[in-house]
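Participant: Sending over final25.cif (mmCIF, C-alpha atoms).
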```cif
data_structure
#
loop_
_atom_site.group_PDB
_atom_site.id
_atom_site.type_symbol
_atom_site.label_atom_id
_atom_site.label_comp_id
_atom_site.auth_asym_id
_atom_site.auth_seq_id
_atom_site.Cartn_x
_atom_site.Cartn_y
_atom_site.Cartn_z
ATOM 1 C CA MET A 1 -339.132 116.268 50.857
ATOM 2 C CA LEU A 2 -339.016 112.823 49.244
ATOM 3 C CA ARG A 3 -340.790 109.846 50.819
ATOM 4 C CA TYR A 4 -338.184 107.551 49.246
ATOM 5 C CA GLN A 5 -334.706 108.906 48.670
ATOM 6 C CA GLU A 6 -332.209 106.180 47.902
ATOM 7 C CA ASN A 7 -328.680 107.549 47.771
ATOM 8 C CA ASN A 8 -326.494 104.453 47.550
ATOM 9 C CA GLU A 9 -325.417 102.078 44.782
ATOM 10 C CA LEU A 10 -327.688 101.373 41.791
ATOM 11 C CA HIS A 11 -328.464 97.949 40.357
ATOM 12 C CA ARG A 12 -329.336 98.930 36.807
ATOM 13 C CA ASP A 13 -329.965 95.330 35.762
ATOM 14 C CA PHE A 14 -333.358 95.780 37.411
ATOM 15 C CA HIS A 15 -334.334 97.527 34.178
ATOM 16 C CA GLY A 16 -333.910 94.144 32.498
ATOM 17 C CA THR A 17 -336.199 92.437 35.007
ATOM 18 C CA THR A 18 -338.772 95.194 34.569
ATOM 19 C CA ASN A 19 -338.557 94.817 30.793
ATOM 20 C CA THR A 20 -339.103 91.043 31.034
ATOM 21 C CA THR A 21 -342.018 91.613 33.412
ATOM 22 C CA LEU A 22 -343.780 94.076 31.095
ATOM 23 C CA ASP A 23 -343.796 91.560 28.253
ATOM 24 C CA TYR A 24 -344.716 88.681 30.548
ATOM 25 C CA ILE A 25 -347.777 90.426 31.972
ATOM 26 C CA VAL A 26 -349.007 91.524 28.534
ATOM 27 C CA GLU A 27 -348.521 88.049 27.020
ATOM 28 C CA ARG A 28 -350.333 86.254 29.868
ATOM 29 C CA TYR A 29 -352.885 88.795 31.072
ATOM 30 C CA GLY A 30 -353.143 91.516 28.411
ATOM 31 C CA VAL A 31 -352.100 95.121 28.192
ATOM 32 C CA GLU A 32 -354.947 96.359 30.416
ATOM 33 C CA ALA A 33 -353.606 94.210 33.251
ATOM 34 C CA LEU A 34 -350.174 95.759 32.849
ATOM 35 C CA LYS A 35 -351.695 99.221 32.892
ATOM 36 C CA GLU A 36 -353.597 98.327 36.048
ATOM 37 C CA ILE A 37 -350.422 97.215 37.857
ATOM 38 C CA LEU A 38 -348.448 100.265 36.742
ATOM 39 C CA HIS A 39 -351.291 102.629 37.583
ATOM 40 C CA ARG A 40 -351.596 101.072 41.026
ATOM 41 C CA THR A 41 -347.843 101.435 41.512
ATOM 42 C CA GLY A 42 -348.147 105.143 40.748
ATOM 43 C CA HIS A 43 -351.206 105.562 42.946
ATOM 44 C CA ASP A 44 -350.186 103.486 45.974
ATOM 45 C CA VAL A 45 -346.394 103.457 46.063
ATOM 46 C CA TYR A 46 -346.212 107.188 45.365
ATOM 47 C CA LYS A 47 -349.024 108.024 47.764
ATOM 48 C CA SER A 48 -346.988 110.832 49.278
ATOM 49 C CA ILE A 49 -346.537 112.577 45.904
ATOM 50 C CA ARG A 50 -350.230 112.073 45.097
ATOM 51 C CA GLU A 51 -351.437 113.439 48.420
ATOM 52 C CA LYS A 52 -349.307 116.530 47.980
ATOM 53 C CA LEU A 53 -350.689 116.997 44.456
ATOM 54 C CA GLU A 54 -354.203 116.787 45.922
ATOM 55 C CA LYS A 55 -353.288 119.795 48.052
ATOM 56 C CA GLY A 56 -351.878 121.606 45.046
ATOM 57 C CA ASP A 57 -348.257 121.010 46.045
ATOM 58 C CA ALA A 58 -346.094 119.571 43.243
ATOM 59 C CA SER A 59 -342.808 119.944 45.103
ATOM 60 C CA GLU A 60 -342.268 116.234 45.814
ATOM 61 C CA LEU A 61 -343.092 115.291 42.225
ATOM 62 C CA VAL A 62 -340.507 117.762 40.935
ATOM 63 C CA GLU A 63 -337.931 116.562 43.439
ATOM 64 C CA HIS A 64 -338.701 112.921 42.554
ATOM 65 C CA LEU A 65 -338.144 113.490 38.827
ATOM 66 C CA ASN A 66 -334.934 115.407 39.445
ATOM 67 C CA TRP A 67 -333.472 112.998 41.967
ATOM 68 C CA PHE A 68 -334.097 109.670 40.305
ATOM 69 C CA TYR A 69 -333.321 110.655 36.719
ATOM 70 C CA HIS A 70 -330.149 112.355 37.940
ATOM 71 C CA ARG A 71 -329.174 109.169 39.770
ATOM 72 C CA GLU A 72 -329.740 107.149 36.595
ATOM 73 C CA GLY A 73 -327.509 109.541 34.658
ATOM 74 C CA ALA A 74 -330.245 110.722 32.301
ATOM 75 C CA PRO A 75 -329.805 113.783 30.127
ATOM 76 C CA TYR A 76 -332.947 115.813 30.801
ATOM 77 C CA GLN A 77 -334.489 119.240 31.035
ATOM 78 C CA LEU A 78 -337.011 120.137 33.708
ATOM 79 C CA THR A 79 -339.168 123.226 33.301
ATOM 80 C CA VAL A 80 -341.551 124.162 36.086
ATOM 81 C CA THR A 81 -344.230 126.853 35.965
ATOM 82 C CA GLU A 82 -347.183 127.344 38.265
ATOM 83 C CA ASP A 83 -349.520 125.180 36.197
ATOM 84 C CA GLU A 84 -347.200 122.926 34.250
ATOM 85 C CA ILE A 85 -344.235 120.657 34.828
ATOM 86 C CA ARG A 86 -342.454 119.719 31.640
ATOM 87 C CA PHE A 87 -339.801 117.033 31.925
ATOM 88 C CA GLU A 88 -337.949 116.179 28.746
ATOM 89 C CA VAL A 89 -335.769 113.078 28.862
ATOM 90 C CA PHE A 90 -333.414 113.040 25.899
ATOM 91 C CA GLU A 91 -332.281 109.444 26.375
ATOM 92 C CA CYS A 92 -334.185 107.031 28.596
ATOM 93 C CA PRO A 93 -331.667 105.500 31.024
ATOM 94 C CA ALA A 94 -333.605 102.239 31.161
ATOM 95 C CA HIS A 95 -333.488 101.876 27.372
ATOM 96 C CA ARG A 96 -329.827 102.838 27.342
ATOM 97 C CA HIS A 97 -328.998 100.096 29.842
ATOM 98 C CA LEU A 98 -331.037 97.456 28.015
ATOM 99 C CA LYS A 99 -329.301 98.311 24.749
ATOM 100 C CA ALA A 100 -325.889 98.185 26.429
ATOM 101 C CA LEU A 101 -326.732 94.649 27.543
ATOM 102 C CA GLY A 102 -327.972 93.754 24.061
ATOM 103 C CA LEU A 103 -331.539 93.168 25.234
ATOM 104 C CA PRO A 104 -334.504 94.242 23.079
ATOM 105 C CA VAL A 105 -336.611 97.007 24.610
ATOM 106 C CA SER A 106 -340.204 95.945 25.291
ATOM 107 C CA ARG A 107 -342.685 97.740 23.078
ATOM 108 C CA HIS A 108 -344.663 98.355 26.270
ATOM 109 C CA SER A 109 -341.744 100.081 27.988
ATOM 110 C CA CYS A 110 -343.125 103.620 27.901
ATOM 111 C CA LEU A 111 -346.275 102.498 29.726
ATOM 112 C CA GLN A 112 -344.086 102.514 32.833
ATOM 113 C CA THR A 113 -343.888 106.272 32.653
ATOM 114 C CA GLY A 114 -347.356 107.032 31.326
ATOM 115 C CA GLU A 115 -349.315 104.809 33.721
ATOM 116 C CA VAL A 116 -347.247 105.455 36.840
ATOM 117 C CA ASN A 117 -347.547 109.205 36.266
ATOM 118 C CA ALA A 118 -351.298 108.873 35.695
ATOM 119 C CA GLY A 119 -351.597 106.907 38.944
ATOM 120 C CA MET A 120 -349.741 109.605 40.846
ATOM 121 C CA CYS A 121 -352.192 112.210 39.533
ATOM 122 C CA GLU A 122 -355.424 110.265 40.036
ATOM 123 C CA GLY A 123 -357.950 112.197 42.086
ATOM 124 C CA THR A 124 -355.888 115.376 42.000
ATOM 125 C CA ARG A 125 -356.218 118.517 39.918
ATOM 126 C CA TRP A 126 -353.144 117.467 37.948
ATOM 127 C CA GLU A 127 -353.170 115.395 34.805
ATOM 128 C CA ALA A 128 -350.214 113.623 33.225
ATOM 129 C CA SER A 129 -349.454 113.076 29.571
ATOM 130 C CA LEU A 130 -346.529 111.628 27.677
ATOM 131 C CA GLU A 131 -345.210 112.759 24.315
ATOM 132 C CA LYS A 132 -342.842 110.353 22.596
ATOM 133 C CA VAL A 133 -340.303 112.272 20.551
ATOM 134 C CA GLY A 134 -338.270 109.201 19.607
ATOM 135 C CA ASP A 135 -337.755 105.615 20.762
ATOM 136 C CA ASP A 136 -335.738 106.726 23.790
ATOM 137 C CA HIS A 137 -336.724 110.391 23.983
ATOM 138 C CA CYS A 138 -339.912 111.647 25.599
ATOM 139 C CA VAL A 139 -341.542 114.582 27.287
ATOM 140 C CA GLN A 140 -343.490 113.980 30.474
ATOM 141 C CA ILE A 141 -346.024 116.702 31.082
ATOM 142 C CA PHE A 142 -348.019 117.378 34.221
ATOM 143 C CA ARG A 143 -350.695 120.075 33.910
ATOM 144 C CA ARG A 144 -352.859 121.580 36.580
ATOM 145 C CA ARG A 145 -356.489 121.560 35.540
ATOM 146 C CA LYS A 146 -358.467 124.743 35.924
ATOM 147 C CA ALA A 147 -360.876 124.825 38.847
ATOM 148 C CA GLU A 148 -364.463 124.064 37.779
ATOM 149 C CA MET B 1 -339.168 104.633 33.519
ATOM 150 C CA ILE B 2 -339.455 103.035 36.882
ATOM 151 C CA PRO B 3 -336.185 103.976 38.585
ATOM 152 C CA SER B 4 -334.007 100.977 39.347
ATOM 153 C CA ASP B 5 -334.147 102.215 42.965
ATOM 154 C CA HIS B 6 -337.898 101.537 42.927
ATOM 155 C CA PHE B 7 -338.021 98.327 40.930
ATOM 156 C CA VAL B 8 -338.639 96.368 44.141
ATOM 157 C CA ARG B 9 -341.811 98.322 44.892
ATOM 158 C CA PHE B 10 -343.099 97.658 41.370
ATOM 159 C CA TYR B 11 -342.119 93.959 41.670
ATOM 160 C CA ASN B 12 -344.120 93.876 44.892
ATOM 161 C CA GLU B 13 -347.230 95.123 43.055
ATOM 162 C CA VAL B 14 -346.687 92.484 40.358
ATOM 163 C CA PHE B 15 -346.569 89.781 43.056
ATOM 164 C CA LYS B 16 -349.862 91.004 44.543
ATOM 165 C CA PHE B 17 -351.535 90.922 41.129
ATOM 166 C CA LEU B 18 -350.206 87.459 40.277
ATOM 167 C CA ASP B 19 -350.866 85.953 43.690
ATOM 168 C CA GLU B 20 -354.564 86.842 43.325
ATOM 169 C CA ARG B 21 -354.525 84.784 40.105
ATOM 170 C CA ASP B 22 -352.365 81.911 41.354
ATOM 171 C CA GLY B 23 -349.733 83.009 38.867
ATOM 172 C CA LEU B 24 -346.557 83.381 40.903
ATOM 173 C CA ARG B 25 -344.860 80.061 40.040
ATOM 174 C CA ASP B 26 -345.017 80.635 36.295
ATOM 175 C CA TYR B 27 -343.700 84.188 36.710
ATOM 176 C CA TYR B 28 -340.765 83.023 38.848
ATOM 177 C CA ASP B 29 -339.858 80.636 36.028
ATOM 178 C CA GLU B 30 -339.873 83.519 33.552
ATOM 179 C CA ILE B 31 -337.628 85.622 35.799
ATOM 180 C CA SER B 32 -335.367 82.622 36.242
ATOM 181 C CA ARG B 33 -335.004 82.274 32.461
ATOM 182 C CA HIS B 34 -334.213 85.982 32.254
ATOM 183 C CA GLN B 35 -331.555 85.598 34.961
ATOM 184 C CA ASP B 36 -329.870 82.926 32.842
ATOM 185 C CA PHE B 37 -328.676 85.886 30.787
ATOM 186 C CA HIS B 38 -326.703 87.212 33.755
ATOM 187 C CA CYS B 39 -325.806 84.052 35.634
ATOM 188 C CA GLN B 40 -325.930 80.787 33.737
ATOM 189 C CA LYS B 41 -322.575 80.904 31.937
ATOM 190 C CA LEU B 42 -320.788 82.145 35.054
ATOM 191 C CA PHE B 43 -322.346 79.520 37.324
ATOM 192 C CA LYS B 44 -321.873 76.695 34.842
ATOM 193 C CA GLU B 45 -318.249 77.463 34.062
ATOM 194 C CA LYS B 46 -317.056 78.439 37.540
ATOM 195 C CA GLY B 47 -319.497 76.588 39.801
ATOM 196 C CA LEU B 48 -319.630 77.862 43.367
ATOM 197 C CA GLU B 49 -316.861 80.384 42.651
ATOM 198 C CA GLY B 50 -319.054 81.832 39.902
ATOM 199 C CA VAL B 51 -321.985 82.125 42.293
ATOM 200 C CA GLU B 52 -319.683 83.790 44.814
ATOM 201 C CA GLU B 53 -318.463 86.235 42.147
ATOM 202 C CA TYR B 54 -322.029 87.127 41.167
ATOM 203 C CA TYR B 55 -323.141 87.766 44.734
ATOM 204 C CA ARG B 56 -320.064 89.849 45.547
ATOM 205 C CA LYS B 57 -321.200 92.182 42.742
ATOM 206 C CA ILE B 58 -324.840 92.066 43.888
ATOM 207 C CA ARG B 59 -323.795 92.827 47.465
ATOM 208 C CA VAL B 60 -322.379 96.156 46.282
ATOM 209 C CA GLU B 61 -325.006 97.085 43.671
ATOM 210 C CA GLU B 62 -328.015 96.174 45.797
ATOM 211 C CA ASN B 63 -326.518 97.501 49.043
ATOM 212 C CA CYS B 64 -326.827 94.195 50.877
ATOM 213 C CA ASP B 65 -325.613 93.590 54.390
ATOM 214 C CA MET B 66 -324.547 90.058 53.491
ATOM 215 C CA ASP B 67 -321.808 87.645 54.531
ATOM 216 C CA ILE B 68 -320.402 85.458 51.768
ATOM 217 C CA GLU B 69 -318.320 82.436 52.765
ATOM 218 C CA LEU B 70 -317.061 79.709 50.458
ATOM 219 C CA ASP B 71 -315.883 76.624 52.293
ATOM 220 C CA GLY B 72 -315.094 73.595 50.179
ATOM 221 C CA HIS B 73 -318.304 72.262 48.657
ATOM 222 C CA GLU B 74 -320.587 74.818 50.269
ATOM 223 C CA LEU B 75 -321.160 78.514 49.697
ATOM 224 C CA LEU B 76 -322.977 80.374 52.447
ATOM 225 C CA LEU B 77 -324.881 83.593 51.763
ATOM 226 C CA ARG B 78 -326.068 85.095 55.035
ATOM 227 C CA MET B 79 -328.317 88.070 54.395
ATOM 228 C CA ASN B 80 -328.222 90.061 57.610
ATOM 229 C CA ARG B 81 -330.452 92.763 56.203
ATOM 230 C CA CYS B 82 -332.172 92.185 52.877
ATOM 231 C CA PRO B 83 -332.492 95.482 50.974
ATOM 232 C CA SER B 84 -335.240 94.068 48.800
ATOM 233 C CA LEU B 85 -337.755 93.079 51.490
ATOM 234 C CA SER B 86 -336.713 96.169 53.469
ATOM 235 C CA LYS B 87 -337.868 98.347 50.570
ATOM 236 C CA ALA B 88 -341.051 96.345 50.075
ATOM 237 C CA ILE B 89 -341.834 96.966 53.755
ATOM 238 C CA ASP B 90 -340.797 100.631 53.660
ATOM 239 C CA ASN B 91 -343.504 101.289 51.137
ATOM 240 C CA ASP B 92 -346.821 103.126 51.278
ATOM 241 C CA ALA B 93 -348.387 100.343 49.174
ATOM 242 C CA GLY B 94 -347.568 97.661 51.785
ATOM 243 C CA ALA B 95 -345.579 94.453 51.230
ATOM 244 C CA CYS B 96 -346.953 91.384 49.486
ATOM 245 C CA PRO B 97 -347.071 88.682 52.228
ATOM 246 C CA LYS B 98 -345.266 86.258 49.900
ATOM 247 C CA TYR B 99 -342.592 88.738 48.846
ATOM 248 C CA CYS B 100 -339.663 86.597 50.069
ATOM 249 C CA MET B 101 -340.754 83.607 48.023
ATOM 250 C CA HIS B 102 -339.538 85.163 44.786
ATOM 251 C CA CYS B 103 -335.902 84.556 45.712
ATOM 252 C CA PRO B 104 -335.997 80.758 45.939
ATOM 253 C CA GLY B 105 -338.652 80.987 43.228
ATOM 254 C CA TRP B 106 -336.210 82.166 40.586
ATOM 255 C CA VAL B 107 -332.839 80.948 41.855
ATOM 256 C CA HIS B 108 -333.829 77.323 42.387
ATOM 257 C CA PRO B 109 -334.637 76.525 38.739
ATOM 258 C CA LEU B 110 -331.413 78.283 37.756
ATOM 259 C CA TYR B 111 -329.302 76.337 40.245
ATOM 260 C CA THR B 112 -330.945 73.128 39.058
ATOM 261 C CA ARG B 113 -330.044 73.950 35.450
ATOM 262 C CA VAL B 114 -326.368 74.393 36.370
ATOM 263 C CA GLY B 115 -326.157 71.386 38.697
ATOM 264 C CA LEU B 116 -326.101 73.129 42.081
ATOM 265 C CA TYR B 117 -328.109 72.286 45.204
ATOM 266 C CA ASP B 118 -329.577 74.941 47.424
ATOM 267 C CA VAL B 119 -331.047 75.096 50.900
ATOM 268 C CA TYR B 120 -332.866 78.311 51.732
ATOM 269 C CA ASP B 121 -333.506 79.193 55.359
ATOM 270 C CA LEU B 122 -336.059 82.004 55.046
ATOM 271 C CA LYS B 123 -336.347 82.688 58.803
ATOM 272 C CA GLY B 124 -339.697 84.454 58.334
ATOM 273 C CA LEU B 125 -341.576 86.104 55.495
ATOM 274 C CA ASP B 126 -341.729 89.414 57.345
ATOM 275 C CA GLU B 127 -338.114 89.449 58.416
ATOM 276 C CA PRO B 128 -335.564 90.919 55.978
ATOM 277 C CA ALA B 129 -332.966 88.260 56.719
ATOM 278 C CA CYS B 130 -332.248 84.768 55.430
ATOM 279 C CA THR B 131 -329.435 82.313 54.867
ATOM 280 C CA GLU B 132 -328.738 80.322 51.755
ATOM 281 C CA TYR B 133 -326.475 77.281 51.548
ATOM 282 C CA ILE B 134 -325.430 76.394 48.006
ATOM 283 C CA SER B 135 -323.515 73.225 47.249
ATOM 284 C CA ASP B 136 -322.116 71.337 44.295
ATOM 285 C CA ASP B 137 -322.449 68.070 46.242
ATOM 286 C CA LEU B 138 -325.920 66.622 46.840
ATOM 287 C CA GLU B 139 -324.863 64.800 50.012
ATOM 288 C CA VAL B 140 -323.474 68.002 51.520
ATOM 289 C CA ALA B 141 -326.736 69.786 50.681
ATOM 290 C CA ARG B 142 -328.857 66.989 52.179
ATOM 291 C CA ALA B 143 -326.802 67.017 55.375
ATOM 292 C CA ARG B 144 -327.284 70.783 55.667
ATOM 293 C CA ARG B 145 -331.032 70.493 55.083
ATOM 294 C CA ASP B 146 -331.383 67.729 57.685
ATOM 295 C CA GLU B 147 -329.398 69.714 60.220
ATOM 296 C CA LEU B 148 -331.596 72.794 59.693
ATOM 297 C CA LEU B 149 -334.828 70.812 59.891
ATOM 298 C CA LYS B 150 -333.913 69.811 63.444
ATOM 299 C CA ILE B 151 -334.011 73.427 64.584
ATOM 300 C CA ARG B 152 -336.245 75.294 62.098
ATOM 301 C CA PRO B 153 -339.878 74.887 60.958
ATOM 302 C CA LYS B 154 -339.972 72.883 57.736
ATOM 303 C CA GLU B 155 -342.029 75.618 55.984
ATOM 304 C CA GLN B 156 -339.044 77.926 56.205
ATOM 305 C CA ILE B 157 -336.534 75.492 54.725
ATOM 306 C CA ILE B 158 -336.831 75.437 50.941
ATOM 307 C CA CYS B 159 -334.651 73.241 48.729
ATOM 308 C CA ASN B 160 -334.292 72.530 45.016
ATOM 309 C CA PHE B 161 -333.768 68.802 45.606
ATOM 310 C CA GLU B 162 -335.534 65.855 47.304
#
```
Translate this structure into structure tokens?

Facilitator:
Amino acid sequence: MLRYQENNELHRDFHGTTNTTLDYIVERYGVEALKEILHRTGHDVYKSIREKLEKGDASELVEHLNWFYHREGAPYQLTVTEDEIRFEVFECPAHRHLKALGLPVSRHSCLQTGEVNAGMCEGTRWEASLEKVGDDHCVQIFRRRKAE
Amino acid sequence: MIPSDHFVRFYNEVFKFLDERDGLRDYYDEISRHQDFHCQKLFKEKGLEGVEEYYRKIRVEENCDMDIELDGHELLLRMNRCPSLSKAIDNDAGACPKYCMHCPGWVHPLYTRVGLYDVYDLKGLDEPACTEYISDDLEVARARRDELLKIRPKEQIICNFE
């Protein structure tokens, strides 16, 4: 069950404000500051997902990826096994919207995904990684670490 | 990607970070410049009718419970339930105490650039409701501000004019 499950209209122009914010934070405070904010967003905002991951339950994470990328109209493929969640996004909906508006995509854009996912996994037996296949195409991978 | 549904909760974390560094005002100015992309031409060319047009679209896209009334030289935006602060509150990370301030923070410089006068009645920083009175006539805006100051604490009345 999702902690947040919006099901009404979308304001996609928020991708533009996010994009502006990424560049602003890096220009004024540096890329580590941006990573800190994004990581904290993943850790604190998505506390419910993180706490379930701590217990070995990835169900909310899977539902989260499915629900919000579906709502954004992303073409994607989600593959779930016991120890790995592989989420391939063929065209990032945020990038698609920015390009439709004629706005340049921040070169820090993919930190949104990488750092938020890392924040969600912090302190759990899951680790997140991000493989960039192209400018707008990536694979988000969550792997369960072996017990020590 | 941060889903557009969750932008507000990210924004809220940005505010916390910047507030600790006394950096909110400069950030609001940056957001205001970004919003020129969406609003400036419309507001400049159509005045209050352009502002009304923009907020009729926002009301749908952002799921606002908002009354919009244009009456002569004044446009009233009464936010009965702000979806933005509501999300910041419905949030395991907790709301930034100054969350509401971003709205006048970015719209006021924009209104000033297009020659409009605004009176914001914030009601309370923990209450997802506010009223905005936008005017193309400085005297109308001043009269509205003075009327509100008789019944509301001055900290909650924010204007983009003297």

Participant: Report as an MDAnalysis selection string the full result of the PyMOL selection byres ((chain A) within 8 of (chain B)) when it is applied to this structure.

Facilitator: chainID A and resid 6 8:15 17:18 20:21 24 37:38 40:41 44:48 68:69 72 92:94 109:110 112:113

Participant: I'd like the interatomic distance between CA of Lys46 in chain B and CA of Pro109 in chain B, to a tenth of an Å.

Facilitator: 17.7 Å

Participant: Compare B:Tyr28, B:Tyr111, B:Tyr55, B:Phe161 by their minimum atom-to-atom distance to Leu138 in chain B, counting all atoms listed in the file, and give me the closest one.

Facilitator: B:Phe161

Participant: Can you work out which one of B:Tyr133, B:His108, B:Ala95, B:Asp19 has the shortest atom-to-atom distance to Ile68 in chain B, counting only C-alpha atoms?

Facilitator: B:Tyr133

Participant: Range 49-65 of chain A, all listed atoms, 4 Å padding on each side: what axis-aligned box centre and edge lengths in Å to one decimal come out, as AutoDock Vina command-line options?

Facilitator:
```
--center_x -346.1 --center_y 116.8 --center_z 43.6 --size_x 24.3 --size_y 17.5 --size_z 17.6
```

Participant: Quick one: of B:Ala143, B:Leu42, B:Ala129, B:Val107, who's nearest to Asn160 in chain B, counting all atoms listed in the file?

Facilitator: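 Looking only at the distances to Asn160 in chain B, the closest residue turns out to be B:Val107.
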
Participant: Would you compute the distance between CA of Leu2 in chain A and CA of Val62 in chain A? Give it in Å to one decimal.

Facilitator: 9.8 Å

Participant: For the structure provided, state which residues fall under the PyMOL selection byres ((chain A and resi 31) around 12), and present them as a VMD selection string.

Facilitator: chain A and resid 21 to 30 32 to 38 107 to 109 111 to 112 115

Participant: All heavy atoms are what I want for range 148-155 of chain B; can you complete it accordingly and write them as a PDB file, in the coordinates of the input?

Facilitator:
```pdb
ATOM      1  N   LEU B 148    -330.715  71.641  59.493  1.00  0.00           N
ATOM      2  CA  LEU B 148    -331.596  72.794  59.693  1.00  0.00           C
ATOM      3  C   LEU B 148    -333.003  72.376  60.110  1.00  0.00           C
ATOM      4  O   LEU B 148    -333.642  73.040  60.935  1.00  0.00           O
ATOM      5  CB  LEU B 148    -331.666  73.634  58.413  1.00  0.00           C
ATOM      6  CG  LEU B 148    -330.433  74.476  58.119  1.00  0.00           C
ATOM      7  CD1 LEU B 148    -330.478  75.019  56.691  1.00  0.00           C
ATOM      8  CD2 LEU B 148    -330.307  75.638  59.100  1.00  0.00           C
ATOM      9  N   LEU B 149    -333.469  71.258  59.566  1.00  0.00           N
ATOM     10  CA  LEU B 149    -334.828  70.812  59.891  1.00  0.00           C
ATOM     11  C   LEU B 149    -334.976  70.401  61.358  1.00  0.00           C
ATOM     12  O   LEU B 149    -336.088  70.341  61.881  1.00  0.00           O
ATOM     13  CB  LEU B 149    -335.237  69.657  58.977  1.00  0.00           C
ATOM     14  CG  LEU B 149    -335.605  70.065  57.545  1.00  0.00           C
ATOM     15  CD1 LEU B 149    -335.821  68.839  56.664  1.00  0.00           C
ATOM     16  CD2 LEU B 149    -336.840  70.972  57.520  1.00  0.00           C
ATOM     17  N   LYS B 150    -333.848  70.147  62.016  1.00  0.00           N
ATOM     18  CA  LYS B 150    -333.913  69.811  63.444  1.00  0.00           C
ATOM     19  C   LYS B 150    -334.205  71.052  64.291  1.00  0.00           C
ATOM     20  O   LYS B 150    -334.684  70.940  65.410  1.00  0.00           O
ATOM     21  CB  LYS B 150    -332.571  69.200  63.887  1.00  0.00           C
ATOM     22  CG  LYS B 150    -332.340  67.803  63.368  1.00  0.00           C
ATOM     23  CD  LYS B 150    -330.964  67.318  63.780  1.00  0.00           C
ATOM     24  CE  LYS B 150    -330.627  66.005  63.091  1.00  0.00           C
ATOM     25  NZ  LYS B 150    -329.193  65.701  63.170  1.00  0.00           N
ATOM     26  N   ILE B 151    -333.894  72.216  63.753  1.00  0.00           N
ATOM     27  CA  ILE B 151    -334.011  73.427  64.584  1.00  0.00           C
ATOM     28  C   ILE B 151    -334.943  74.489  63.993  1.00  0.00           C
ATOM     29  O   ILE B 151    -335.225  75.482  64.648  1.00  0.00           O
ATOM     30  CB  ILE B 151    -332.614  74.073  64.819  1.00  0.00           C
ATOM     31  CG1 ILE B 151    -331.918  74.357  63.479  1.00  0.00           C
ATOM     32  CG2 ILE B 151    -331.757  73.184  65.711  1.00  0.00           C
ATOM     33  CD1 ILE B 151    -330.677  75.217  63.598  1.00  0.00           C
ATOM     34  N   ARG B 152    -335.421  74.274  62.746  1.00  0.00           N
ATOM     35  CA  ARG B 152    -336.245  75.294  62.098  1.00  0.00           C
ATOM     36  C   ARG B 152    -337.541  74.654  61.586  1.00  0.00           C
ATOM     37  O   ARG B 152    -337.545  73.479  61.216  1.00  0.00           O
ATOM     38  CB  ARG B 152    -335.507  75.910  60.898  1.00  0.00           C
ATOM     39  CG  ARG B 152    -334.084  76.289  61.152  1.00  0.00           C
ATOM     40  CD  ARG B 152    -333.910  77.663  61.717  1.00  0.00           C
ATOM     41  NE  ARG B 152    -334.482  78.662  60.862  1.00  0.00           N
ATOM     42  CZ  ARG B 152    -335.074  79.770  61.311  1.00  0.00           C
ATOM     43  NH1 ARG B 152    -335.162  79.978  62.606  1.00  0.00           N
ATOM     44  NH2 ARG B 152    -335.550  80.659  60.473  1.00  0.00           N
ATOM     45  N   PRO B 153    -338.638  75.440  61.529  1.00  0.00           N
ATOM     46  CA  PRO B 153    -339.878  74.887  60.958  1.00  0.00           C
ATOM     47  C   PRO B 153    -339.663  74.504  59.495  1.00  0.00           C
ATOM     48  O   PRO B 153    -338.985  75.229  58.756  1.00  0.00           O
ATOM     49  CB  PRO B 153    -340.858  76.063  61.055  1.00  0.00           C
ATOM     50  CG  PRO B 153    -340.238  77.064  61.963  1.00  0.00           C
ATOM     51  CD  PRO B 153    -338.760  76.843  61.934  1.00  0.00           C
ATOM     52  N   LYS B 154    -340.237  73.380  59.088  1.00  0.00           N
ATOM     53  CA  LYS B 154    -339.972  72.883  57.736  1.00  0.00           C
ATOM     54  C   LYS B 154    -340.475  73.842  56.648  1.00  0.00           C
ATOM     55  O   LYS B 154    -339.954  73.864  55.548  1.00  0.00           O
ATOM     56  CB  LYS B 154    -340.550  71.480  57.531  1.00  0.00           C
ATOM     57  CG  LYS B 154    -342.057  71.398  57.583  1.00  0.00           C
ATOM     58  CD  LYS B 154    -342.500  69.969  57.329  1.00  0.00           C
ATOM     59  CE  LYS B 154    -344.028  69.922  57.378  1.00  0.00           C
ATOM     60  NZ  LYS B 154    -344.565  68.591  57.252  1.00  0.00           N
ATOM     61  N   GLU B 155    -341.499  74.662  56.974  1.00  0.00           N
ATOM     62  CA  GLU B 155    -342.029  75.618  55.984  1.00  0.00           C
ATOM     63  C   GLU B 155    -340.986  76.661  55.595  1.00  0.00           C
ATOM     64  O   GLU B 155    -341.082  77.282  54.541  1.00  0.00           O
ATOM     65  CB  GLU B 155    -343.261  76.356  56.541  1.00  0.00           C
ATOM     66  CG  GLU B 155    -344.438  75.482  56.879  1.00  0.00           C
ATOM     67  CD  GLU B 155    -344.273  74.757  58.212  1.00  0.00           C
ATOM     68  OE1 GLU B 155    -343.508  75.227  59.076  1.00  0.00           O
ATOM     69  OE2 GLU B 155    -344.900  73.703  58.360  1.00  0.00           O
TER      70      GLU B 155
END
```
